[in-house]
Every structure is written in C-alpha cells, then in structure tokens.
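Structure file start.tsv with TSV, C-alpha atoms and all ligand atoms:
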```tsv
chain	number	residue	atom	x	y	z
M	223	MET	CA	54.79	182.36	174.69
M	224	ARG	CA	56.78	179.44	175.99
M	225	ALA	CA	60.54	179.75	176.55
M	226	ILE	CA	63.30	177.86	178.30
M	227	THR	CA	64.38	179.54	181.52
M	228	VAL	CA	67.27	178.62	183.80
M	229	ILE	CA	66.16	177.84	187.33
M	230	ALA	CA	68.20	176.84	190.41
M	231	ASP	CA	71.21	174.52	189.93
M	232	GLN	CA	71.38	175.29	186.21
M	233	GLU	CA	68.19	173.33	185.58
M	234	LEU	CA	66.21	174.22	182.48
M	235	GLU	CA	62.44	174.61	182.52
M	236	LEU	CA	59.88	175.34	179.82
M	237	ALA	CA	57.84	178.25	181.20
M	238	ASP	CA	55.19	180.75	180.09
M	239	VAL	CA	56.79	184.19	179.68
M	240	PRO	CA	55.54	187.45	178.09
M	241	ASP	CA	55.78	187.69	174.28
M	242	PRO	CA	58.62	189.97	173.13
M	243	THR	CA	57.63	193.13	171.25
M	244	PRO	CA	59.74	194.23	168.28
M	245	GLY	CA	61.27	197.65	168.94
M	246	PRO	CA	62.16	200.19	166.23
M	247	GLY	CA	64.30	198.53	163.58
M	248	GLU	CA	63.44	195.03	164.82
M	249	VAL	CA	61.23	192.22	163.56
M	250	LEU	CA	59.37	189.56	165.50
M	251	VAL	CA	60.21	186.03	164.34
M	252	ARG	CA	58.00	183.00	165.04
M	253	VAL	CA	60.67	180.36	165.68
M	254	ALA	CA	60.77	177.19	163.56
M	255	ALA	CA	64.02	175.95	165.14
M	256	THR	CA	66.86	177.15	167.32
M	257	GLY	CA	70.53	176.23	166.95
M	258	VAL	CA	72.30	175.12	170.13
M	259	ASN	CA	75.76	176.57	170.71
M	260	ARG	CA	78.52	175.78	173.22
M	261	ALA	CA	78.07	179.37	174.39
M	262	ASP	CA	74.56	178.41	175.62
M	263	VAL	CA	76.07	175.75	177.87
M	264	LEU	CA	78.47	178.37	179.24
M	265	GLN	CA	75.61	180.85	179.72
M	266	ARG	CA	73.53	178.26	181.60
M	267	ALA	CA	76.48	177.75	183.96
M	268	GLY	CA	76.77	181.51	184.54
M	269	HIS	CA	80.08	181.88	182.64
M	270	TYR	CA	78.82	183.82	179.60
M	271	PRO	CA	76.22	186.40	180.69
M	272	PRO	CA	74.15	188.10	177.97
M	273	PRO	CA	75.29	191.62	176.97
M	274	PRO	CA	73.40	194.45	178.75
M	275	GLY	CA	69.91	195.03	177.33
M	276	THR	CA	69.69	191.52	175.84
M	277	SER	CA	67.07	188.89	176.66
M	278	ASP	CA	68.25	186.59	179.44
M	279	VAL	CA	66.73	183.65	177.54
M	280	MET	CA	69.52	181.60	175.90
M	281	GLY	CA	69.81	181.13	172.15
M	282	LEU	CA	72.07	182.77	169.57
M	283	GLU	CA	70.39	181.70	166.31
M	284	VAL	CA	66.99	180.72	164.98
M	285	SER	CA	65.09	180.15	161.79
M	286	GLY	CA	61.44	181.03	161.42
M	287	THR	CA	58.80	183.24	159.86
M	288	ILE	CA	58.43	186.99	160.30
M	289	ALA	CA	55.33	187.55	162.46
M	290	ALA	CA	55.47	191.35	162.83
M	291	LEU	CA	57.59	194.32	161.81
M	292	GLY	CA	58.84	196.98	164.22
M	293	GLU	CA	58.78	200.66	163.38
M	294	GLY	CA	60.94	201.68	160.42
M	295	VAL	CA	61.57	198.18	159.01
M	296	THR	CA	61.03	198.30	155.24
M	297	ALA	CA	63.42	195.67	153.87
M	298	TRP	CA	61.41	192.67	155.15
M	299	ARG	CA	57.77	191.51	154.95
M	300	GLU	CA	55.52	189.60	157.30
M	301	GLY	CA	55.46	185.90	156.38
M	302	GLU	CA	59.00	185.84	154.95
M	303	GLN	CA	61.17	182.88	155.99
M	304	VAL	CA	64.39	183.95	157.68
M	305	ALA	CA	67.42	182.79	159.61
M	306	ALA	CA	68.55	185.16	162.35
M	307	LEU	CA	71.72	185.87	164.33
M	308	LEU	CA	70.79	186.77	167.92
M	309	ALA	CA	72.46	188.13	171.03
M	310	GLY	CA	69.96	185.98	172.98
M	311	GLY	CA	66.33	184.92	173.19
M	312	GLY	CA	66.31	181.98	170.78
M	313	TYR	CA	65.12	179.24	173.19
M	314	ALA	CA	61.55	180.45	172.74
M	315	GLU	CA	58.54	180.42	170.43
M	316	LEU	CA	59.00	184.09	169.48
M	317	VAL	CA	62.06	186.36	169.37
M	318	ALA	CA	62.62	190.03	168.49
M	319	VAL	CA	65.64	190.52	166.20
M	320	PRO	CA	67.37	193.63	164.79
M	321	ALA	CA	66.51	193.61	161.07
M	322	GLY	CA	70.21	193.82	160.18
M	323	GLN	CA	70.74	190.36	161.65
M	324	LEU	CA	68.31	188.56	159.34
M	325	LEU	CA	69.24	186.35	156.41
M	326	PRO	CA	66.77	185.02	153.84
M	327	VAL	CA	66.16	181.26	153.66
M	328	PRO	CA	67.09	180.28	150.11
M	329	ALA	CA	64.71	178.19	148.02
M	330	GLY	CA	65.58	174.54	148.50
M	331	LEU	CA	66.83	174.95	152.08
M	332	ASP	CA	64.54	173.48	154.73
M	333	LEU	CA	63.29	176.20	157.12
M	334	VAL	CA	64.11	174.14	160.23
M	335	ASP	CA	67.61	173.23	158.98
M	336	ALA	CA	68.38	176.92	158.34
M	337	ALA	CA	68.61	177.41	162.14
M	338	ALA	CA	71.96	175.61	162.08
M	339	LEU	CA	73.61	178.35	160.04
M	340	PRO	CA	73.59	181.96	161.32
M	341	GLU	CA	75.92	181.76	164.34
M	342	ALA	CA	78.23	179.13	162.85
M	343	VAL	CA	78.55	180.75	159.42
M	344	CYS	CA	78.82	184.35	160.70
M	345	THR	CA	81.46	183.33	163.28
M	346	ALA	CA	83.46	181.31	160.78
M	347	TRP	CA	83.23	184.02	158.11
M	348	ALA	CA	84.04	186.96	160.41
M	349	ASN	CA	87.08	185.20	161.81
M	350	LEU	CA	88.48	183.24	158.86
M	351	VAL	CA	87.88	185.80	156.15
M	352	GLN	CA	87.38	189.23	157.70
M	353	SER	CA	89.93	188.93	160.54
M	354	GLY	CA	92.11	186.10	159.23
M	355	GLY	CA	92.25	187.39	155.64
M	356	LEU	CA	91.96	183.83	154.28
M	357	THR	CA	92.51	183.50	150.53
M	358	ASN	CA	92.70	180.67	148.04
M	359	ALA	CA	96.50	180.80	148.25
M	360	ASP	CA	96.43	179.94	151.96
M	361	THR	CA	96.54	176.81	154.06
M	362	VAL	CA	94.23	176.98	157.08
M	363	LEU	CA	94.02	174.88	160.25
M	364	VAL	CA	90.50	174.69	161.70
M	365	HIS	CA	90.58	173.39	165.28
M	366	GLY	CA	87.49	171.33	166.12
M	367	GLY	CA	86.23	170.74	162.58
M	368	SER	CA	83.58	168.45	164.08
M	369	GLY	CA	81.90	171.31	165.96
M	370	GLY	CA	79.14	173.68	164.93
M	371	VAL	CA	81.50	176.49	163.97
M	372	GLY	CA	84.22	174.12	162.75
M	373	SER	CA	81.95	172.23	160.33
M	374	ALA	CA	80.91	175.54	158.76
M	375	ALA	CA	84.51	176.79	158.71
M	376	ILE	CA	85.75	173.71	156.80
M	377	GLN	CA	83.10	174.18	154.12
M	378	LEU	CA	83.68	177.93	153.76
M	379	ALA	CA	87.47	177.59	153.60
M	380	ALA	CA	87.24	174.77	151.05
M	381	ALA	CA	84.77	176.79	148.94
M	382	LEU	CA	87.18	179.73	148.97
M	383	GLY	CA	89.82	177.40	147.52
M	384	ALA	CA	92.10	177.29	150.56
M	385	ARG	CA	93.89	174.08	151.58
M	386	VAL	CA	92.06	172.92	154.72
M	387	LEU	CA	93.62	171.05	157.64
M	388	THR	CA	91.46	170.31	160.65
M	389	THR	CA	91.41	168.51	164.00
M	390	ALA	CA	88.71	166.28	165.47
M	391	GLY	CA	88.37	163.87	168.39
M	392	GLY	CA	88.47	160.36	166.93
M	393	PRO	CA	88.87	158.62	163.55
M	394	GLU	CA	85.15	158.64	162.64
M	395	ARG	CA	84.84	162.36	163.33
M	396	ALA	CA	88.03	163.02	161.36
M	397	ALA	CA	86.60	161.04	158.42
M	398	ARG	CA	83.41	163.13	158.47
M	399	CYS	CA	85.51	166.31	158.41
M	400	ARG	CA	87.18	165.03	155.22
M	401	GLU	CA	83.71	164.47	153.71
M	402	LEU	CA	82.95	168.13	154.45
M	403	GLY	CA	85.97	169.21	152.40
M	404	ALA	CA	89.00	169.01	154.70
M	405	ASP	CA	92.15	167.93	152.84
M	406	LEU	CA	93.63	166.52	156.05
M	407	ALA	CA	91.81	165.73	159.30
M	408	ILE	CA	94.00	165.01	162.33
M	409	ASP	CA	92.62	162.94	165.22
M	410	TYR	CA	93.85	165.12	168.09
M	411	ARG	CA	93.25	162.33	170.60
M	412	ALA	CA	95.62	159.89	168.86
M	413	GLN	CA	97.99	162.05	166.81
M	414	ASP	CA	100.45	164.85	167.55
M	415	VAL	CA	98.78	167.83	165.85
M	416	VAL	CA	101.93	169.97	165.58
M	417	GLU	CA	103.93	167.11	164.03
M	418	GLU	CA	101.13	166.27	161.57
M	419	VAL	CA	100.79	169.90	160.48
M	420	GLU	CA	104.55	170.28	160.08
M	421	ARG	CA	104.64	167.10	157.97
M	422	ALA	CA	101.67	168.17	155.84
M	423	THR	CA	103.17	171.59	155.12
M	424	ASP	CA	106.83	170.45	154.71
M	425	GLY	CA	107.69	172.45	157.80
M	426	ARG	CA	106.28	175.68	156.39
M	427	GLY	CA	103.28	175.92	158.75
M	428	VAL	CA	99.80	177.27	158.09
M	429	ASP	CA	98.75	180.77	157.09
M	430	VAL	CA	95.61	180.94	159.23
M	431	ILE	CA	94.52	179.06	162.36
M	432	LEU	CA	90.92	179.20	163.62
M	433	ASP	CA	91.36	178.33	167.28
M	434	VAL	CA	88.84	177.24	169.91
M	435	LEU	CA	91.39	176.03	172.48
M	436	GLY	CA	92.79	179.31	173.80
M	437	ALA	CA	95.60	179.16	176.36
M	438	GLY	CA	96.19	175.40	176.15
M	439	GLY	CA	96.62	175.58	172.39
M	440	LEU	CA	98.82	178.68	172.31
M	441	PRO	CA	102.35	177.19	172.23
M	442	GLY	CA	101.44	174.67	169.51
M	443	ASN	CA	99.50	177.21	167.51
M	444	VAL	CA	102.38	179.71	167.42
M	445	ARG	CA	104.72	176.90	166.36
M	446	MET	CA	102.36	175.88	163.54
M	447	LEU	CA	102.01	179.39	162.09
M	448	ALA	CA	103.82	180.09	158.82
M	449	THR	CA	105.69	183.35	158.23
M	450	ASN	CA	103.07	186.15	158.21
M	451	GLY	CA	100.58	183.68	159.71
M	452	ARG	CA	97.40	184.75	161.52
M	453	LEU	CA	96.12	183.00	164.64
M	454	VAL	CA	92.45	183.85	165.24
M	455	VAL	CA	91.20	182.81	168.68
M	456	ILE	CA	87.44	182.40	169.13
M	457	GLY	CA	87.27	180.02	172.08
M	458	THR	CA	89.04	179.27	175.36
M	459	GLN	CA	88.10	175.61	175.83
M	460	LYS	CA	91.61	174.95	177.21
M	461	GLY	CA	91.95	178.06	179.32
M	462	ARG	CA	92.07	181.85	179.15
M	463	LYS	CA	95.56	182.71	180.40
M	464	GLY	CA	98.68	181.28	178.81
M	465	GLU	CA	102.30	182.01	178.05
M	466	LEU	CA	103.19	183.46	174.66
M	467	ASP	CA	106.61	183.27	172.98
M	468	LEU	CA	106.68	186.80	171.53
M	469	GLY	CA	110.15	186.20	170.08
M	470	LEU	CA	108.84	183.36	167.92
M	471	LEU	CA	105.83	185.48	166.93
M	472	MET	CA	108.15	188.34	165.89
M	473	THR	CA	110.47	186.03	163.93
M	474	LYS	CA	107.46	184.80	162.00
M	475	ARG	CA	106.00	188.32	161.64
M	476	ALA	CA	102.81	186.64	162.76
M	477	SER	CA	99.76	188.05	164.49
M	478	ILE	CA	97.10	186.96	166.96
M	479	HIS	CA	93.51	188.20	166.81
M	480	ALA	CA	90.83	187.32	169.36
M	481	ALA	CA	87.15	188.21	169.16
M	482	THR	CA	83.59	187.36	170.11
M	483	LEU	CA	80.66	188.00	167.82
M	484	ARG	CA	77.87	188.46	170.38
M	485	ALA	CA	79.36	191.49	172.15
M	486	ARG	CA	79.85	193.53	168.95
M	487	PRO	CA	77.75	196.66	168.39
M	488	LEU	CA	74.62	196.21	166.24
M	489	GLU	CA	76.11	197.96	163.21
M	490	GLU	CA	79.19	195.69	163.25
M	491	LYS	CA	76.98	192.59	163.46
M	492	ALA	CA	74.85	193.92	160.62
M	493	ALA	CA	78.02	194.41	158.55
M	494	VAL	CA	79.09	190.80	159.19
M	495	VAL	CA	75.61	189.54	158.25
M	496	ALA	CA	75.56	191.67	155.07
M	497	ASP	CA	78.96	190.32	154.00
M	498	VAL	CA	77.86	186.74	154.77
M	499	ARG	CA	74.68	187.30	152.75
M	500	GLU	CA	76.63	188.57	149.76
M	501	ARG	CA	79.61	186.23	149.75
M	502	ALA	CA	78.85	183.09	151.79
M	503	TRP	CA	75.05	182.64	151.42
M	504	PRO	CA	75.27	181.97	147.62
M	505	LEU	CA	77.32	178.84	148.47
M	506	LEU	CA	74.08	177.33	149.82
M	507	ASP	CA	72.61	177.33	146.33
M	508	ASP	CA	74.92	174.66	144.93
M	509	GLY	CA	75.53	172.74	148.17
M	510	ARG	CA	79.11	173.95	148.72
M	511	LEU	CA	77.75	175.12	152.08
M	512	ARG	CA	75.10	173.11	153.88
M	513	PRO	CA	73.82	172.85	157.43
M	514	VAL	CA	75.41	169.97	159.34
M	515	ILE	CA	72.75	168.66	161.71
M	516	SER	CA	73.43	166.01	164.29
M	517	HIS	CA	70.22	165.92	166.36
M	518	ARG	CA	66.76	167.52	166.38
M	519	VAL	CA	65.35	167.77	169.92
M	520	PRO	CA	62.06	169.23	171.22
M	521	LEU	CA	62.54	172.65	172.89
M	522	ALA	CA	61.15	171.20	176.12
M	523	GLU	CA	64.14	168.83	176.16
M	524	ALA	CA	66.77	171.58	175.91
M	525	ALA	CA	68.62	170.05	178.87
M	526	ARG	CA	69.09	166.84	176.86
M	527	ALA	CA	70.47	168.89	173.95
M	528	HIS	CA	73.05	170.43	176.30
M	529	GLU	CA	73.98	166.98	177.61
M	530	LEU	CA	74.59	165.74	174.07
M	531	LEU	CA	76.95	168.68	173.47
M	532	GLU	CA	78.71	168.28	176.81
M	533	ASN	CA	79.20	164.54	176.25
M	534	GLY	CA	80.80	165.03	172.84
M	535	GLN	CA	77.96	163.21	171.03
M	536	VAL	CA	77.31	165.98	168.52
M	537	PHE	CA	78.85	166.36	165.05
M	538	GLY	CA	77.84	169.77	163.71
M	539	LYS	CA	74.73	171.21	165.34
M	540	VAL	CA	71.82	170.26	167.58
M	541	LEU	CA	68.51	171.95	166.77
M	542	LEU	CA	65.67	172.64	169.23
M	543	LEU	CA	62.13	172.47	167.87
M	544	PRO	CA	59.45	174.50	169.68
Y	1	LIG	N1	84.14	184.14	169.50
Y	1	LIG	C1	82.96	183.95	168.98
Y	1	LIG	O1	82.31	184.86	168.49
Y	1	LIG	C2	82.39	182.58	169.01
Y	1	LIG	C3	81.18	182.28	168.37
Y	1	LIG	C4	80.72	180.96	168.38
Y	1	LIG	C5	81.46	179.99	169.04
Y	1	LIG	N2	82.61	180.33	169.70
Y	1	LIG	C6	83.43	179.33	170.41
Y	1	LIG	O2	83.90	178.44	169.44
Y	1	LIG	C7	84.01	177.15	170.00
Y	1	LIG	C8	83.19	176.18	169.17
Y	1	LIG	O3	81.83	176.49	169.34
Y	1	LIG	P1	80.71	175.48	168.84
Y	1	LIG	O4	79.39	176.02	169.21
Y	1	LIG	O5	81.03	175.10	167.43
Y	1	LIG	O6	81.03	174.24	169.82
Y	1	LIG	P2	80.95	172.69	169.59
Y	1	LIG	O7	79.99	172.37	168.50
Y	1	LIG	O8	80.75	172.11	170.93
Y	1	LIG	O9	82.41	172.32	169.09
Y	1	LIG	C9	83.51	172.23	169.98
Y	1	LIG	C10	84.65	171.65	169.21
Y	1	LIG	O10	85.85	171.70	169.98
Y	1	LIG	C11	86.58	170.53	169.68
Y	1	LIG	N3	87.59	170.27	170.67
Y	1	LIG	C12	87.42	170.03	171.98
Y	1	LIG	N4	88.63	169.79	172.55
Y	1	LIG	C13	89.55	169.87	171.57
Y	1	LIG	C14	90.97	169.71	171.49
Y	1	LIG	N5	91.70	169.43	172.58
Y	1	LIG	N6	91.59	169.89	170.29
Y	1	LIG	C15	90.86	170.19	169.19
Y	1	LIG	N7	89.52	170.35	169.19
Y	1	LIG	C16	88.88	170.19	170.36
Y	1	LIG	C17	85.53	169.46	169.59
Y	1	LIG	O11	86.05	168.34	168.90
Y	1	LIG	P3	85.49	166.83	169.15
Y	1	LIG	O12	84.04	166.96	169.58
Y	1	LIG	O13	85.64	166.14	167.84
Y	1	LIG	O14	86.32	166.24	170.23
Y	1	LIG	C18	84.45	170.19	168.82
Y	1	LIG	O15	84.67	170.10	167.44
Y	1	LIG	C19	83.53	177.25	171.44
Y	1	LIG	O16	84.65	177.42	172.27
Y	1	LIG	C20	82.69	178.51	171.43
Y	1	LIG	O17	82.63	179.13	172.69
Y	1	LIG	C21	83.08	181.60	169.68
```
Translate the structure of the given file into structure tokens.
Ligand SMILES: NC(=O)c1ccc[n+]([C@@H]2O[C@H](COP(=O)([O-])OP(=O)(O)OC[C@H]3O[C@@H](n4cnc5c(N)ncnc54)[C@H](OP(=O)(O)O)[C@@H]3O)[C@@H](O)[C@H]2O)c1
Amino acid sequence: MRAITVIADQELELADVPDPTPGPGEVLVRVAATGVNRADVLQRAGHYPPPPGTSDVMGLEVSGTIAALGEGVTAWREGEQVAALLAGGGYAELVAVPAGQLLPVPAGLDLVDAAALPEAVCTAWANLVQSGGLTNADTVLVHGGSGGVGSAAIQLAAALGARVLTTAGGPERAARCRELGADLAIDYRAQDVVEEVERATDGRGVDVILDVLGAGGLPGNVRMLATNGRLVVIGTQKGRKGELDLGLLMTKRASIHAATLRARPLEEKAAVVADVRERAWPLLDDGRLRPVISHRVPLAEAARAHELLENGQVFGKVLLLP
C-alpha cells in the first residue's frame, strides 16, 4: 500500500510500504479519508512519539470500509462503512484497527466526512463529559473553539444543554464558533479572556474549562473557575510547566485533570468509543453534531495539510484523501 512516511528534516513522502495485517480482535480498514490532528504535526517534529507497538505512520483517525476481519471479530462485517479512532497508521491506504475503536457511519453522513469525527469527538467527550462531569446546569469554557477538538466540543456541550463560552483567534473565527452553538465567543487576540468570562458569568466563573493552552493558560484558567469548577487540560500549546496557585484552587474547591487519549490502554479507549457511540453518535442523526471540515487535501500533499494547520488557516478539520 501507499503511506506517508517521515524522512530527513521532517519531510513527508508518499512511499510503498507493506500492507498491515489485522491481528486478533482487529479489523483492516480501507481508508476513505484521514483526519489531520495537531498531534500529527507534533509527531512529525519528533515531539509526540507513537506508543510502543503502534505503527510509526502518523494518523489518529480515519473513515473507510472494512476490508478484512482479524481472528475473533464477530461484531463487524466486511464491507461495512466505519469511522475509526487510531493510535497511529492513518496516513495510509489501509490500517489495522482494534474492533473496539470502530464507530458505524450513520445513514446520511458522507463516508469521507466521517473521518473528521473520531479523534475530535472522543477527545471532547472523554474530557468534557467523562472527566469534566459536564451537565446541562453548567457553564463551560472551550479554549480554541475553532480547532478540530474545539469545534466538536462546542457542539457536544451545546447539545447537552450547557451554556457554552469559547475562545478563537479573530472575529470571523469567533463568529463561526457562535454558528456552531457557542453562546459567547471571545476573540482571544483582541479581548481579555478572563475579563470577558467574569463579565459573562457575573463574576461567578465557569464550571468546566476544556484547555489546550497548558502552562501559559494556568493562572487565568484557575481564576475563571467557579466554586467546585473542573479544569481539564488536554493540550500544552503554551507550555508544559507552570506555576499553580493551590490556595486559590483550595478556596474554590476546584480540581485539575489532565489526560491524553492515545496513550490509554485498549479497553479504556474501547469504553470511551462505546460511550460516544451510545450518547454522542445519535446527535449526528439530527445535525446537532456534524463534522466541521475546512479543507480536503490529497494524501500525497500531507505536508501542505500540516502547513495549513501550522499557519492557522484551518477552522475545524483538514482531511487527507488517499
Ligand atoms: N489530550 C488528548 O487526548 C488530545 C487529543 C486531541 C487533541 N489534543 C490537543 O488539543 C489541542 C487541539 O487539538 P486540535 O487537533 O483540535 O488542534 P487544532 O485544530 O490545531 O486547534 C488548535 C486550537 O488552539 C487554538 N489556540 C491557539 N492559541 C490559542 C490561544 N492563545 N488561546 C486560545 N486558543 C488558542 C486555535 O485557535 P485559532 O486557530 O482560532 O487561533 C485552535 O482553535 C492540541 O493542543 C492537541 O495536542 C489532545
């Protein structure tokens, strides 16, 4: 098959590589499209190595058609259309996936577009709902609502009935976040996010924050948390090591949770996917959740897809088409 490999100086090349074989409990998916994630850009630069035993080909999510079943897989059939959460291997024509990480493509959803969903929706769901305990009584702040994960998080939080505040870089991007269901979108380049959140919540703060900033966002995030608030950190775009005011955290009886999805054991990922399938996937049926696709790029031009992401030209997701 053909796959994108990283050669010297972080250059990407479309190369012939051996086809993957589905192991026990896995299925082989013929890829229709692959979702590009910021994590891929980090992996290409050597900052986010794949977990041990995982394909060193980039790519955390695909859509496609089941081409073969590994030993012991009974819940899926050859020819079925699926979306899949991966630990790697998606920048390719074929990928082997643990069966527990497959989601069906609902009628009415384009097979290619479905590639925009697994990583974004599973990350948003696992962190907003499972870790953050978001309910319809809560106000949530989604940092980076214009991103792949953020655009899914806005839609999920709005569908749950929460009040959704978000940040985005620029007025047009903020406006698009409001179209996705955000009640308030703050342009973090032009506005003071802490002040805007305090004003919007009458000084009360927010119950849940989905954070992609990390260290650089920590002081503001702790200030913006309401009493009993939950800060859930999923990214470190503004640094890994910061200073934390534990006194303020204690006064607020607040908590901080930090997690990655890719490094979790198979059974934990399968549990996230099963919960997403039961509780988030039905939102696709009536359009409360939809893929947000910015660009569709041929797989051979994966480097251009990364450039788009790095240059801030993407709203939602970029898809690669083999
Ligand atoms: N822990 C996990 O399991 C997990 C899983 C998936 C992703 N992630 C992480 O989640 C983050 C988002 O991933 P993605 O694939 O959705 O990336 P993405 O599409 O590139 O989105 C990045 C987002 O960050 C926003 N941003 C950048 N600087 C900001 C700032 N100073 N204040 C507020 N927002 C800012 C961008 O906003 P503008 O473009 O509008 O400026 C954009 O919305 C990444 O850090 C990624 O590593 C973690």
- Message: Using all atoms listed in the file, which residues of the polymer chains come no farther than 6 Å from ligand LIG 1 (chain Y)? I'd like the answer as a ChimeraX atom specification.
- Response: /M:259-261,345,365-372,389-391,395,410,434,456-459,481-483,531,534,538
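Residues in contact with range 512-528 of chain M at 8 Å, where all atoms listed in the file are counted and same-chain residues fewer than 6 positions away are skipped, are listed as M:Ile226, M:Glu233, M:Leu234, M:Glu235, M:Leu236, M:Val258, M:Val263, M:Tyr313, M:Ala314, M:Asp335, M:Ala336, M:Ala338, M:Leu339, M:Gly370, M:Ser373, M:Ala374, M:Leu506, M:Val536, M:Phe537, M:Gly538, M:Lys539, M:Val540, M:Leu541, M:Leu542, M:Leu543, M:Pro544.
Summary of the local environment: counting all atoms listed in the file, residues at most 7 Å from range 318-322 of chain M, other than itself and those fewer than 4 positions away along its chain, are Pro242, Thr243, Pro244, Gly247, Glu248, Val249, Leu250, Val251, Leu308 and Ala492 of chain M.
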- Query: Near Glu283 in chain M, counting all atoms listed in the file, which residues have an atom at most 8 Å away, once you skip same-chain residues fewer than 5 positions from it, shown as a PyMOL selection string?
  - Reply: chain M and resi 256-258+305-308+310+312+337-341
- Distance query range 396-409 of chain M at most 7 Å, all atoms listed in the file, self and fewer than 2 positions along chain excluded, as a list in words: Gly367, Ser368, Ile376, Gln377, Ala380, Arg385, Val386, Leu387, Thr388, Thr389, Ala390, Gly391, Gly392, Pro393, Glu394, Arg411, Ala412, Gln413 and Val415 of chain M
- Message: Counting all atoms listed in the file, which residue out of M:Thr276, M:Thr473, M:Ser353, M:Thr287 sits closest to Arg299 in chain M?
- Response: M:Thr287
Please return the centre and edge lengths, in Å to one decimal, of a box with edges along x, y and z that contains all listed atoms of range 278-286 of chain M, widened by 3 Å on every side, as AutoDock Vina command-line options.
```
--center_x 66.8 --center_y 183.4 --center_z 170.4 --size_x 16.6 --size_y 12.4 --size_z 24.0
```
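The gap separating CA of Leu316 in chain M from CA of Ala225 in chain M is 8.4 Å, in Å to one decimal.
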- Item | Point-to-point distance from CA of Gly442 in chain M to CA of Gly354 in chain M, Å rounded to tenths | 18.0 Å
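One finds CA of Gly355 in chain M at 11.4 Å from CA of Leu382 in chain M.
Minimum atom-to-atom distance to His479 in chain M, evaluated using only C-alpha atoms, belongs to M:Gly436 out of M:Gln303, M:Glu465, M:Gly436, M:Ala493.
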- Message: When you count all atoms listed in the file, which of these residues is closest to Gly439 in chain M: M:Arg426, M:Val304, M:Leu453, M:Ala348?
- Response: M:Leu453
